[in-house]
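What's in target-v2.txt: compact mmCIF, C-alpha atoms
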# COMPACT_ATOMS: atom_id res chain seq x y z
CA MET M 1 -3.14 11.90 38.54
CA ILE M 2 -3.11 11.12 34.84
CA ILE M 3 -5.77 12.75 32.67
CA SER M 4 -5.83 11.84 29.00
CA ILE M 5 -7.58 13.79 26.30
CA ALA M 6 -9.02 11.71 23.46
CA SER M 7 -11.75 12.17 20.90
CA GLY M 8 -12.66 9.59 18.32
CA LYS M 9 -12.97 12.14 15.54
CA GLY M 10 -9.90 14.20 14.77
CA GLY M 11 -9.89 17.99 14.89
CA THR M 12 -12.44 18.32 17.65
CA GLY M 13 -10.14 20.19 20.02
CA LYS M 14 -8.05 17.65 21.97
CA THR M 15 -4.92 19.74 21.89
CA THR M 16 -6.86 22.91 22.67
CA VAL M 17 -8.26 21.28 25.80
CA ALA M 18 -4.96 19.62 26.77
CA VAL M 19 -2.80 22.72 26.36
CA ASN M 20 -5.23 25.13 27.98
CA LEU M 21 -5.97 22.78 30.84
CA ALA M 22 -2.23 22.47 31.49
CA LEU M 23 -1.70 26.24 31.33
CA SER M 24 -4.67 26.99 33.56
CA LEU M 25 -3.53 24.48 36.17
CA SER M 26 0.07 25.64 36.07
CA SER M 27 -1.09 29.19 36.75
CA ALA M 28 -3.06 28.07 39.80
CA TYR M 29 -1.15 25.18 41.32
CA VAL M 30 2.25 25.10 42.92
CA GLY M 31 3.10 21.60 41.78
CA THR M 32 4.40 20.98 38.32
CA ILE M 33 2.13 19.93 35.53
CA GLN M 34 3.37 17.51 32.93
CA ILE M 35 2.01 17.51 29.40
CA ILE M 36 2.66 14.44 27.29
CA ASP M 37 1.86 14.69 23.59
CA CYS M 38 1.22 11.11 22.50
CA ASP M 39 -0.02 12.05 19.04
CA VAL M 40 3.36 11.05 17.64
CA GLU M 41 2.16 10.98 14.04
CA GLU M 42 1.22 14.62 14.21
CA PRO M 43 2.33 16.19 17.48
CA ASN M 44 1.08 19.76 17.84
CA ALA M 45 1.03 20.72 21.52
CA HIS M 46 4.49 22.25 20.99
CA ILE M 47 3.02 24.81 18.58
CA PHE M 48 1.06 26.40 21.42
CA LEU M 49 3.41 25.77 24.33
CA LYS M 50 6.66 26.56 22.49
CA PRO M 51 8.70 24.44 24.89
CA HIS M 52 12.41 24.77 25.38
CA ILE M 53 13.65 21.28 24.43
CA THR M 54 16.49 20.09 26.59
CA LYS M 55 16.76 16.47 25.55
CA THR M 56 16.14 14.63 22.28
CA LEU M 57 16.37 10.85 22.27
CA PRO M 58 16.20 8.48 19.31
CA ILE M 59 13.82 5.54 19.82
CA SER M 60 14.46 2.18 18.22
CA ILE M 61 12.52 -1.05 18.00
CA PRO M 62 14.17 -4.47 17.79
CA VAL M 63 14.13 -6.19 14.41
CA PRO M 64 15.74 -9.51 13.48
CA ARG M 65 19.10 -9.98 11.83
CA VAL M 66 20.21 -13.38 10.64
CA ILE M 67 23.60 -14.78 11.53
CA GLU M 68 24.10 -16.41 8.14
CA LYS M 69 26.72 -18.95 9.17
CA ARG M 70 24.39 -20.53 11.72
CA CYS M 71 21.25 -20.52 9.57
CA THR M 72 20.08 -23.80 8.06
CA TYR M 73 17.17 -22.22 6.14
CA CYS M 74 14.75 -24.45 8.01
CA GLY M 75 12.02 -21.82 7.65
CA LYS M 76 10.87 -21.81 11.29
CA CYS M 77 11.22 -18.02 11.56
CA GLN M 78 9.09 -17.49 8.49
CA GLU M 79 6.50 -19.88 9.86
CA VAL M 80 6.11 -18.06 13.19
CA CYS M 81 6.02 -14.58 11.68
CA VAL M 82 2.34 -13.69 11.21
CA TYR M 83 3.32 -10.34 9.69
CA ASN M 84 5.32 -11.93 6.84
CA ALA M 85 8.36 -9.91 7.77
CA ILE M 86 10.69 -12.84 7.09
CA ALA M 87 10.93 -14.85 3.90
CA VAL M 88 13.19 -17.88 3.67
CA ILE M 89 14.03 -18.64 0.08
CA LYS M 90 15.63 -22.05 -0.21
CA ASN M 91 17.81 -22.85 -3.16
CA SER M 92 15.84 -25.42 -5.12
CA THR M 93 16.80 -28.91 -3.93
CA GLN M 94 16.86 -30.78 -7.18
CA ASN M 95 17.98 -34.35 -7.29
CA ASP M 96 21.51 -34.71 -8.42
CA PRO M 97 21.39 -37.14 -11.37
CA LEU M 98 25.00 -38.25 -10.85
CA THR M 99 24.77 -39.32 -7.24
CA ASP M 100 20.99 -39.88 -7.27
CA SER M 101 20.73 -38.01 -3.98
CA GLN M 102 19.62 -34.59 -2.94
CA THR M 103 22.32 -31.97 -3.17
CA SER M 104 23.90 -31.92 0.26
CA ALA M 105 23.95 -28.21 1.12
CA PRO M 106 20.73 -26.67 -0.12
CA GLY M 107 21.48 -23.18 1.22
CA GLY M 108 19.32 -20.22 0.51
CA LYS M 109 18.66 -16.72 1.67
CA VAL M 110 16.65 -15.16 4.47
CA LEU M 111 14.97 -11.89 3.52
CA ILE M 112 13.93 -9.53 6.27
CA PHE M 113 11.37 -6.77 5.71
CA PRO M 114 11.90 -4.53 8.74
CA GLU M 115 8.94 -2.28 8.00
CA LEU M 116 6.59 -5.25 8.34
CA CYS M 117 8.12 -6.38 11.66
CA HIS M 118 6.12 -5.84 14.87
CA SER M 119 9.11 -6.63 17.13
CA CYS M 120 7.44 -9.56 18.84
CA GLY M 121 10.72 -11.47 19.09
CA GLY M 122 9.10 -14.75 17.96
CA CYS M 123 11.62 -15.48 15.23
CA SER M 124 14.66 -15.28 17.47
CA LEU M 125 12.87 -17.18 20.24
CA PHE M 126 11.89 -20.08 18.01
CA CYS M 127 15.02 -20.29 15.86
CA PRO M 128 16.43 -23.76 16.64
CA GLU M 129 19.94 -22.68 15.57
CA LYS M 130 19.99 -19.43 17.56
CA ALA M 131 20.75 -17.79 14.25
CA ILE M 132 18.65 -14.66 14.78
CA GLU M 133 19.83 -11.69 16.78
CA GLU M 134 17.92 -8.48 17.33
CA VAL M 135 19.17 -5.11 16.19
CA GLY M 136 17.64 -1.68 16.68
CA ARG M 137 15.79 0.18 13.98
CA GLU M 138 15.08 3.84 14.67
CA ILE M 139 11.41 4.75 14.29
CA GLY M 140 11.37 8.26 15.74
CA ILE M 141 12.48 10.54 18.52
CA ILE M 142 11.19 11.80 21.82
CA GLN M 143 11.71 15.36 22.97
CA ILE M 144 11.79 16.48 26.58
CA GLY M 145 11.72 20.09 27.68
CA THR M 146 9.90 22.77 29.63
CA ALA M 147 7.35 25.45 28.85
CA GLY M 148 7.30 27.82 31.80
CA ASN M 149 6.69 25.54 34.75
CA ILE M 150 5.09 22.87 32.60
CA GLU M 151 7.18 19.79 31.91
CA PHE M 152 6.84 18.89 28.26
CA VAL M 153 7.35 15.54 26.49
CA ASP M 154 6.40 14.59 22.96
CA GLY M 155 7.30 12.03 20.33
CA LYS M 156 7.82 12.32 16.61
CA LEU M 157 7.38 9.27 14.46
CA ASN M 158 9.59 9.12 11.38
CA ILE M 159 7.78 9.84 8.14
CA GLY M 160 6.57 6.69 6.43
CA GLU M 161 6.66 4.66 9.64
CA ALA M 162 3.46 2.69 10.23
CA MET M 163 3.66 1.64 13.85
CA SER M 164 3.36 4.31 16.50
CA PRO M 165 2.59 2.32 19.71
CA PRO M 166 6.26 1.51 20.53
CA LEU M 167 7.10 5.21 20.31
CA ILE M 168 4.03 6.14 22.35
CA ARG M 169 5.18 3.71 25.06
CA ALA M 170 8.62 5.37 25.03
CA VAL M 171 7.01 8.80 25.38
CA LYS M 172 4.89 7.58 28.30
CA LYS M 173 7.93 6.20 30.13
CA ASN M 174 8.66 9.84 31.00
CA ILE M 175 5.49 10.21 33.03
CA THR M 176 6.30 11.24 36.59
CA ASN M 177 3.83 9.83 39.08
CA ASN M 178 2.37 12.04 41.79
CA LYS M 179 2.21 14.95 39.36
CA VAL M 180 -0.76 16.12 37.39
CA VAL M 181 -0.12 14.56 34.01
CA ILE M 182 -2.07 15.59 30.92
CA ILE M 183 -1.86 13.28 27.94
CA ASP M 184 -2.81 14.57 24.50
CA ALA M 185 -3.88 11.38 22.68
CA PRO M 186 -4.09 10.81 18.93
CA PRO M 187 -7.57 10.72 17.33
CA GLY M 188 -9.38 7.51 16.49
CA THR M 189 -10.14 4.37 18.44
CA SER M 190 -7.31 2.03 17.44
CA CYS M 191 -4.03 0.84 19.01
CA PRO M 192 -2.29 4.25 19.21
CA VAL M 193 -5.24 5.69 21.15
CA ILE M 194 -5.49 2.72 23.47
CA GLY M 195 -1.72 2.82 24.03
CA SER M 196 -1.97 6.50 24.91
CA ILE M 197 -4.92 6.46 27.30
CA LYS M 198 -4.22 3.12 29.01
CA GLY M 199 -3.30 3.67 32.65
CA SER M 200 -5.06 7.04 32.89
CA ASP M 201 -7.10 7.90 35.95
CA TYR M 202 -9.53 9.87 33.85
CA CYS M 203 -10.20 10.51 30.18
CA ILE M 204 -11.74 13.60 28.67
CA LEU M 205 -13.45 12.97 25.34
CA VAL M 206 -13.65 16.08 23.21
CA THR M 207 -16.41 16.11 20.63
CA GLU M 208 -18.16 18.50 18.30
CA PRO M 209 -21.86 18.54 17.42
CA THR M 210 -21.51 17.26 13.86
CA PRO M 211 -22.67 13.87 12.55
CA PHE M 212 -19.04 12.71 12.39
CA GLY M 213 -18.27 14.00 15.86
CA MET M 214 -21.32 12.23 17.23
CA ASN M 215 -20.59 8.96 15.45
CA ASP M 216 -16.98 8.84 16.60
CA LEU M 217 -17.86 9.89 20.14
CA ILE M 218 -20.04 6.80 20.44
CA LEU M 219 -17.16 4.62 19.22
CA ALA M 220 -14.73 6.26 21.64
CA VAL M 221 -17.13 5.73 24.54
CA GLU M 222 -17.26 2.01 23.71
CA VAL M 223 -13.46 1.81 23.81
CA ILE M 224 -13.15 3.69 27.11
CA ARG M 225 -15.79 1.55 28.76
CA LYS M 226 -13.83 -1.56 27.73
CA LEU M 227 -10.71 -0.04 29.27
CA ASN M 228 -12.66 0.79 32.41
CA ILE M 229 -11.43 4.39 32.65
CA ALA M 230 -13.65 7.05 34.22
CA PHE M 231 -14.53 9.68 31.63
CA GLY M 232 -16.52 12.73 30.71
CA VAL M 233 -17.20 14.79 27.61
CA VAL M 234 -16.22 18.29 26.52
CA ILE M 235 -18.44 19.64 23.75
CA ASN M 236 -16.52 22.04 21.54
CA ARG M 237 -18.07 24.50 19.06
CA THR M 238 -21.48 23.94 20.66
CA ASP M 239 -23.32 26.18 18.22
CA ILE M 240 -21.62 25.14 15.00
CA PRO M 241 -24.29 25.25 12.28
CA THR M 242 -24.71 22.31 9.92
CA ALA M 243 -25.81 22.40 6.30
CA SER M 244 -29.45 22.27 7.30
CA GLY M 245 -28.88 25.30 9.53
CA GLN M 246 -29.51 23.25 12.64
CA THR M 247 -26.98 22.35 15.23
CA GLY M 248 -26.42 18.82 16.44
CA TYR M 249 -25.66 20.13 19.90
CA GLN M 250 -28.84 18.90 21.55
CA GLU M 251 -28.21 15.45 20.15
CA VAL M 252 -24.85 15.25 21.94
CA GLU M 253 -26.42 16.46 25.19
CA ASN M 254 -29.22 13.92 24.87
CA TYR M 255 -26.78 11.11 24.19
CA CYS M 256 -24.64 12.02 27.20
CA SER M 257 -27.56 12.25 29.59
CA LYS M 258 -29.02 8.99 28.31
CA GLU M 259 -25.64 7.28 28.80
CA ASN M 260 -25.00 8.98 32.15
CA ILE M 261 -21.87 10.67 30.85
CA PRO M 262 -21.02 13.98 32.54
CA VAL M 263 -20.60 16.96 30.21
CA LEU M 264 -17.60 18.66 31.75
CA MET M 265 -17.44 21.80 29.65
CA ARG M 266 -19.13 23.49 26.73
CA ILE M 267 -17.03 25.68 24.45
CA PRO M 268 -18.92 27.91 22.03
CA PHE M 269 -18.09 28.43 18.36
CA ASP M 270 -16.26 31.65 19.02
CA ARG M 271 -14.30 33.59 16.42
CA LYS M 272 -11.87 34.79 19.09
CA ILE M 273 -10.88 31.21 19.90
CA ALA M 274 -10.32 30.46 16.22
CA GLU M 275 -8.19 33.58 15.88
CA SER M 276 -5.95 32.69 18.81
CA TYR M 277 -5.62 29.15 17.46
CA SER M 278 -4.63 30.40 14.03
CA LYS M 279 -1.84 32.41 15.61
CA GLY M 280 -0.61 29.54 17.75
CA ILE M 281 -1.66 31.34 20.92
CA PRO M 282 -3.39 29.24 23.61
CA MET M 283 -6.97 30.46 24.12
CA VAL M 284 -6.47 31.08 27.85
CA GLU M 285 -3.89 33.73 26.98
CA PHE M 286 -6.31 35.35 24.54
CA ILE M 287 -9.43 34.97 26.68
CA PRO M 288 -8.27 34.63 30.32
CA GLU M 289 -11.82 33.99 31.58
CA TYR M 290 -11.32 30.41 30.46
CA ILE M 291 -8.66 29.79 33.11
CA THR M 292 -11.26 29.48 35.84
CA LYS M 293 -13.40 27.28 33.61
CA PHE M 294 -10.54 24.87 33.04
CA ILE M 295 -9.68 24.83 36.74
CA GLN M 296 -13.29 24.08 37.50
CA LEU M 297 -13.21 21.28 34.96
CA PHE M 298 -10.19 19.82 36.76
CA ASN M 299 -11.83 20.12 40.17
CA ASN M 300 -14.94 18.36 38.90
CA ILE M 301 -12.81 15.52 37.59
CA LYS M 302 -10.98 15.25 40.91
CA LYS M 303 -14.26 15.16 42.80
CA SER M 304 -15.77 12.50 40.57
CA ASN M 305 -12.61 10.41 40.90
CA HIS M 306 -12.78 10.40 44.68
CA LYS M 307 -16.35 9.18 44.77
CA MET T 1 8.53 -25.39 -17.55
CA ASN T 2 6.12 -23.75 -15.12
CA ILE T 3 5.28 -20.09 -15.12
CA CYS T 4 2.72 -18.17 -13.09
CA VAL T 5 0.21 -15.62 -14.34
CA THR T 6 -1.89 -13.62 -11.89
CA ALA T 7 -5.55 -13.88 -12.87
CA GLN T 8 -8.87 -12.44 -11.90
CA ASN T 9 -10.45 -15.86 -12.20
CA ASN T 10 -9.39 -19.49 -12.03
CA ASN T 11 -9.08 -20.32 -15.73
CA LEU T 12 -7.00 -19.50 -18.80
CA GLU T 13 -9.71 -17.35 -20.37
CA SER T 14 -9.74 -14.97 -17.41
CA GLN T 15 -8.17 -11.52 -17.44
CA VAL T 16 -4.70 -10.98 -16.03
CA ASP T 17 -5.00 -9.51 -12.53
CA PRO T 18 -3.10 -6.21 -12.43
CA ARG T 19 -1.90 -6.84 -8.86
CA PHE T 20 0.64 -9.49 -7.94
CA GLY T 21 0.56 -9.83 -4.14
CA ARG T 22 -3.17 -9.20 -3.95
CA CYS T 23 -4.37 -10.87 -7.12
CA ASN T 24 -7.44 -13.07 -6.97
CA CYS T 25 -5.81 -16.14 -8.34
CA PHE T 26 -2.40 -17.54 -9.28
CA ILE T 27 -2.48 -19.66 -12.38
CA ILE T 28 0.56 -21.91 -12.58
CA VAL T 29 0.84 -23.36 -16.00
CA ASP T 30 3.16 -25.82 -17.72
CA THR T 31 4.05 -23.97 -20.91
CA GLU T 32 4.59 -27.20 -22.88
CA THR T 33 1.34 -28.97 -22.08
CA MET T 34 -0.76 -25.91 -21.07
CA LYS T 35 -1.88 -27.93 -18.06
CA PHE T 36 -2.49 -25.55 -15.18
CA GLU T 37 -3.18 -25.29 -11.50
CA ALA T 38 -5.25 -22.36 -10.17
CA ILE T 39 -4.51 -21.29 -6.61
CA ASN T 40 -6.82 -18.82 -4.88
CA ASN T 41 -4.61 -16.21 -3.28
CA PRO T 42 -4.61 -16.90 0.46
CA SER T 43 -3.21 -13.44 1.27
CA ILE T 44 -5.64 -11.34 -0.73
CA SER T 45 -6.83 -9.48 2.35
CA ALA T 46 -3.73 -9.73 4.53
CA THR T 47 -3.01 -6.47 6.32
CA GLY T 48 0.62 -6.62 5.30
CA GLY T 49 3.18 -8.83 3.67
CA ALA T 50 0.95 -10.14 0.89
CA GLY T 51 3.72 -9.64 -1.66
CA VAL T 52 6.24 -11.50 0.50
CA GLN T 53 3.86 -14.43 0.87
CA ALA T 54 3.09 -14.52 -2.83
CA GLY T 55 6.82 -14.52 -3.54
CA GLN T 56 7.33 -17.46 -1.19
CA LEU T 57 4.48 -19.33 -2.80
CA MET T 58 6.08 -18.85 -6.21
CA ALA T 59 9.43 -20.07 -4.87
CA SER T 60 7.82 -23.18 -3.40
CA LYS T 61 6.11 -23.88 -6.74
CA GLN T 62 9.48 -23.45 -8.46
CA VAL T 63 8.10 -21.34 -11.29
CA LYS T 64 10.51 -19.92 -13.87
CA ALA T 65 8.70 -16.63 -14.37
CA VAL T 66 5.87 -14.55 -12.98
CA LEU T 67 3.61 -12.51 -15.29
CA SER T 68 1.46 -9.78 -13.72
CA GLY T 69 0.32 -6.20 -14.04
CA ASN T 70 2.22 -4.63 -11.17
CA ILE T 71 4.70 -6.00 -8.69
CA GLY T 72 5.57 -4.21 -5.45
CA PRO T 73 8.97 -3.86 -3.77
CA ASN T 74 8.74 -6.68 -1.22
CA ALA T 75 7.37 -9.16 -3.74
CA PHE T 76 10.05 -8.10 -6.20
CA GLN T 77 12.81 -8.73 -3.69
CA SER T 78 11.41 -12.16 -2.77
CA LEU T 79 11.01 -13.25 -6.38
CA GLN T 80 14.41 -11.95 -7.37
CA GLN T 81 16.05 -13.81 -4.51
CA ALA T 82 14.30 -16.99 -5.60
CA GLY T 83 15.72 -16.48 -9.09
CA ILE T 84 12.32 -16.08 -10.71
CA ASP T 85 11.97 -13.87 -13.79
CA ILE T 86 9.57 -10.99 -13.15
CA ILE T 87 7.46 -9.66 -15.98
CA SER T 88 5.21 -6.72 -15.15
CA GLY T 89 2.90 -4.61 -17.31
CA VAL T 90 1.08 -7.70 -18.59
CA SER T 91 -2.63 -7.32 -19.31
CA GLY T 92 -5.36 -9.00 -21.33
CA ASN T 93 -6.29 -12.63 -21.32
CA VAL T 94 -4.21 -15.22 -19.44
CA ARG T 95 -3.92 -17.66 -22.36
CA GLU T 96 -2.74 -14.90 -24.70
CA ALA T 97 -0.21 -13.74 -22.11
CA ILE T 98 1.23 -17.25 -21.95
CA GLU T 99 1.42 -17.46 -25.76
CA ARG T 100 3.21 -14.14 -25.90
CA TYR T 101 5.62 -15.29 -23.22
CA LYS T 102 6.36 -18.45 -25.20
CA LYS T 103 7.11 -16.36 -28.30
CA GLY T 104 9.60 -14.40 -26.21
CA GLU T 105 7.72 -11.13 -26.46
CA PHE T 106 8.28 -10.20 -22.81
CA LYS T 107 11.42 -8.96 -21.17
CA PRO T 108 12.01 -9.42 -17.43
CA THR T 109 11.46 -6.25 -15.40
CA GLN T 110 14.47 -4.81 -13.62
CA GLY T 111 12.67 -3.19 -10.71
CA PRO T 112 9.36 -3.08 -8.83
CA SER T 113 6.57 -1.44 -10.80
CA ALA T 114 4.39 -0.35 -7.88
CA ASN T 115 4.77 1.00 -4.37
CA SER T 116 3.90 -0.82 -1.17
CA LYS T 117 0.16 -1.27 -0.60
CA PHE T 118 -0.58 -0.65 -4.29
CA GLY T 119 -2.99 -3.59 -4.45
CA MET T 120 -4.98 -2.61 -1.37
CA SER T 121 -8.47 -1.58 -2.25

Could you render the structure from this file as structure tokens?
Amino acid sequence: MIISIASGKGGTGKTTVAVNLALSLSSAYVGTIQIIDCDVEEPNAHIFLKPHITKTLPISIPVPRVIEKRCTYCGKCQEVCVYNAIAVIKNSTQNDPLTDSQTSAPGGKVLIFPELCHSCGGCSLFCPEKAIEEVGREIGIIQIGTAGNIEFVDGKLNIGEAMSPPLIRAVKKNITNNKVVIIDAPPGTSCPVIGSIKGSDYCILVTEPTPFGMNDLILAVEVIRKLNIAFGVVINRTDIPTASGQTGYQEVENYCSKENIPVLMRIPFDRKIAESYSKGIPMVEFIPEYITKFIQLFNNIKKSNHK
Amino acid sequence: MNICVTAQNNNLESQVDPRFGRCNCFIIVDTETMKFEAINNPSISATGGAGVQAGQLMASKQVKAVLSGNIGPNAFQSLQQAGIDIISGVSGNVREAIERYKKGEFKPTQGPSANSKFGMS
């Protein structure tokens, strides 16, 4: 069973829920739990789980390379590339005044901008001269290890790299079916999130009762409904005060009940939780009462999934 | 001889646009006759590769030089490959910029003057 943890807004507590859910389950179940940190732009589950990494693999994406001697500078590759990752600069074909004909070998240069390339393969597919081969370009690494009896996998995108989905897919290749798999997704509602939560049996949306949390929760719900994944909400920092002194907590509850979204868990704004977080200690180790709450959360998800 | 000046509007009295790949308008002008063609930048809101496209456009128009405020790395590479002189740091009015170019007041730039995504707003 794959459970992904997503949020819309960042910093609402995805990793807190993912890590503590994994730890709680691993303390109660015999089977292994897998935790997959898909937030490859800023992975942080390792801070709390302190895994022992046993394998580190570089991940590459294919980018084009031109075989110059075959290229006729026809410009087809440039034409098919919607990301402008290829520019064909032809040498200017001026008329030769002596022979009154176009210079026979125009020649030119093909420029490739690998950081703009989305690895679709279109250029090599459409090249009529078969003059484009694909070579790997490293975009990051994946790390595989263990934290107690939790199997741990995360990815780390190289700094400056813009496209995380190929790395997220590589991270997710390590998912072992028939285990309980917990995916820590990146924040937001765009491609990296969709790439992370796609294929999940259930998605937990973590939110906080602030205007931003509320706004982004609604966006995340729209995305999950499109993906047709069963989901529920965890409200974190339920009693966080806003500038006006009021909490937006009731608003989140009202929204969820109006939309028929189950509220799976409510975590108060507790100084003890913040303290454990600041020390990199999972909250279930600091406040063990939460273990049963997380197990209950899991059981509720299982029940709702079998309906 | 044709040169290109990036402009905020489609005429010679307009201000030079400080961005190359994401300028509003390319003004391609014949420096002898001052006849010009104004091309609205088709890639102004492209998510990526605007500089590359602008460079290709310049190559296809066979301009001798490009005058703009800032030119990013991908555009620079494209223009350089096409053998086009790159003059960055140009500001003020388009017509004046052309006059100054004709008097030889500008020196081609040796490297990009802005980072990727500089012109995104």

Distance table requested - region 9-117 of chain M against region 48-54 of chain T, cut-off 8 Å, only C-alpha atoms: one row per qualifying residue with the closest atom pair and its distance in Å to one decimal, ordered by chain and rising residue number, as CSV.
residue,atom,partner,partner_atom,distance
M:Tyr83,CA,T:Gly49,CA,6.2
M:Asn84,CA,T:Gly49,CA,4.9
M:Ala85,CA,T:Gly49,CA,6.7
M:Ala87,CA,T:Val52,CA,6.7
M:Leu116,CA,T:Gly49,CA,6.8

Across M:Pro62, M:Gly213, M:Pro114, M:Pro288, the smallest distance to Pro187 (chain M), with all atoms listed in the file counted, is shown by M:Gly213

For Ile261 (chain M), work out the shell of residues within 7 Å, counting all atoms listed in the file and skipping chain neighbours fewer than 3 positions away, then give it as a ChimeraX atom specification. /M:232,256-257

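For the pair CA of Phe20 (chain T) and CA of Gly107 (chain M), the separation is 26.6 Å.
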
Any idea which chain T residues end up within 12 Å of chain M if we count all atoms listed in the file, as number ranges by chain please? T: 43, 46-64, 73-84, 116-117

As a PyMOL selection string, please: the residues near region 25-39 of chain T (cut-off 8 Å, all atoms listed in the file, same-chain neighbours under 6 positions excluded). chain T and resi 1-12+17+63+98+102

Those residues you just picked out, can you put them in a file as a PDB file, in the coordinates of the input with C-alpha atoms?
ATOM      1  CA  MET T   1       8.530 -25.390 -17.550  1.00  0.00           C
ATOM      2  CA  ASN T   2       6.120 -23.750 -15.120  1.00  0.00           C
ATOM      3  CA  ILE T   3       5.280 -20.090 -15.120  1.00  0.00           C
ATOM      4  CA  CYS T   4       2.720 -18.170 -13.090  1.00  0.00           C
ATOM      5  CA  VAL T   5       0.210 -15.620 -14.340  1.00  0.00           C
ATOM      6  CA  THR T   6      -1.890 -13.620 -11.890  1.00  0.00           C
ATOM      7  CA  ALA T   7      -5.550 -13.880 -12.870  1.00  0.00           C
ATOM      8  CA  GLN T   8      -8.870 -12.440 -11.900  1.00  0.00           C
ATOM      9  CA  ASN T   9     -10.450 -15.860 -12.200  1.00  0.00           C
ATOM     10  CA  ASN T  10      -9.390 -19.490 -12.030  1.00  0.00           C
ATOM     11  CA  ASN T  11      -9.080 -20.320 -15.730  1.00  0.00           C
ATOM     12  CA  LEU T  12      -7.000 -19.500 -18.800  1.00  0.00           C
ATOM     13  CA  ASP T  17      -5.000  -9.510 -12.530  1.00  0.00           C
ATOM     14  CA  VAL T  63       8.100 -21.340 -11.290  1.00  0.00           C
ATOM     15  CA  ILE T  98       1.230 -17.250 -21.950  1.00  0.00           C
ATOM     16  CA  LYS T 102       6.360 -18.450 -25.200  1.00  0.00           C
TER      17      LYS T 102
END

Atom-to-atom span, CA of Asn254 (chain M) and CA of Ile194 (chain M), Å: 26.3 Å

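Going from CA of Val252 (chain M) over to CA of Lys279 (chain M), you cover 29.4 Å.
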
Can you tell me which residues surround Pro262 (chain M) at a distance of at most 12 Å, considering only C-alpha atoms, apart from same-chain residues fewer than 4 positions away, and format the answer as a ChimeraX atom specification? /M:203-205,230-235,252-258,266,297,300-301,304

Restrict the selected residues to C-alpha atoms and save them as a PDB file, keeping the file's coordinate frame.
ATOM      1  CA  CYS M 203     -10.200  10.510  30.180  1.00  0.00           C
ATOM      2  CA  ILE M 204     -11.740  13.600  28.670  1.00  0.00           C
ATOM      3  CA  LEU M 205     -13.450  12.970  25.340  1.00  0.00           C
ATOM      4  CA  ALA M 230     -13.650   7.050  34.220  1.00  0.00           C
ATOM      5  CA  PHE M 231     -14.530   9.680  31.630  1.00  0.00           C
ATOM      6  CA  GLY M 232     -16.520  12.730  30.710  1.00  0.00           C
ATOM      7  CA  VAL M 233     -17.200  14.790  27.610  1.00  0.00           C
ATOM      8  CA  VAL M 234     -16.220  18.290  26.520  1.00  0.00           C
ATOM      9  CA  ILE M 235     -18.440  19.640  23.750  1.00  0.00           C
ATOM     10  CA  VAL M 252     -24.850  15.250  21.940  1.00  0.00           C
ATOM     11  CA  GLU M 253     -26.420  16.460  25.190  1.00  0.00           C
ATOM     12  CA  ASN M 254     -29.220  13.920  24.870  1.00  0.00           C
ATOM     13  CA  TYR M 255     -26.780  11.110  24.190  1.00  0.00           C
ATOM     14  CA  CYS M 256     -24.640  12.020  27.200  1.00  0.00           C
ATOM     15  CA  SER M 257     -27.560  12.250  29.590  1.00  0.00           C
ATOM     16  CA  LYS M 258     -29.020   8.990  28.310  1.00  0.00           C
ATOM     17  CA  ARG M 266     -19.130  23.490  26.730  1.00  0.00           C
ATOM     18  CA  LEU M 297     -13.210  21.280  34.960  1.00  0.00           C
ATOM     19  CA  ASN M 300     -14.940  18.360  38.900  1.00  0.00           C
ATOM     20  CA  ILE M 301     -12.810  15.520  37.590  1.00  0.00           C
ATOM     21  CA  SER M 304     -15.770  12.500  40.570  1.00  0.00           C
TER      22      SER M 304
END

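Among the candidates M:Thr146, M:Ser196, M:Thr238, M:Asn178, the one nearest to Met1 (chain M) when counting all atoms listed in the file is M:Asn178.
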
Residues at most 10 Å from Ser124 (chain M), counting all atoms listed in the file, excluding those fewer than 6 positions away in the same chain, as a PyMOL selection string? chain M and resi 63-66+76-77+80+130-134

Would you pick out the contacts of Val94 (chain T) at 6 Å or less, using only C-alpha atoms, so that residues sharing its chain but fewer than 4 positions from it are not included, and give the list as JSON, numbers by chain? {"T": [12, 13, 14, 15, 16]}

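With all atoms listed in the file as the atoms that count, the residue of T:Gln110, T:Asn70, T:Cys23, T:Pro18 with the shortest distance to Asp85 (chain T) is T:Gln110.
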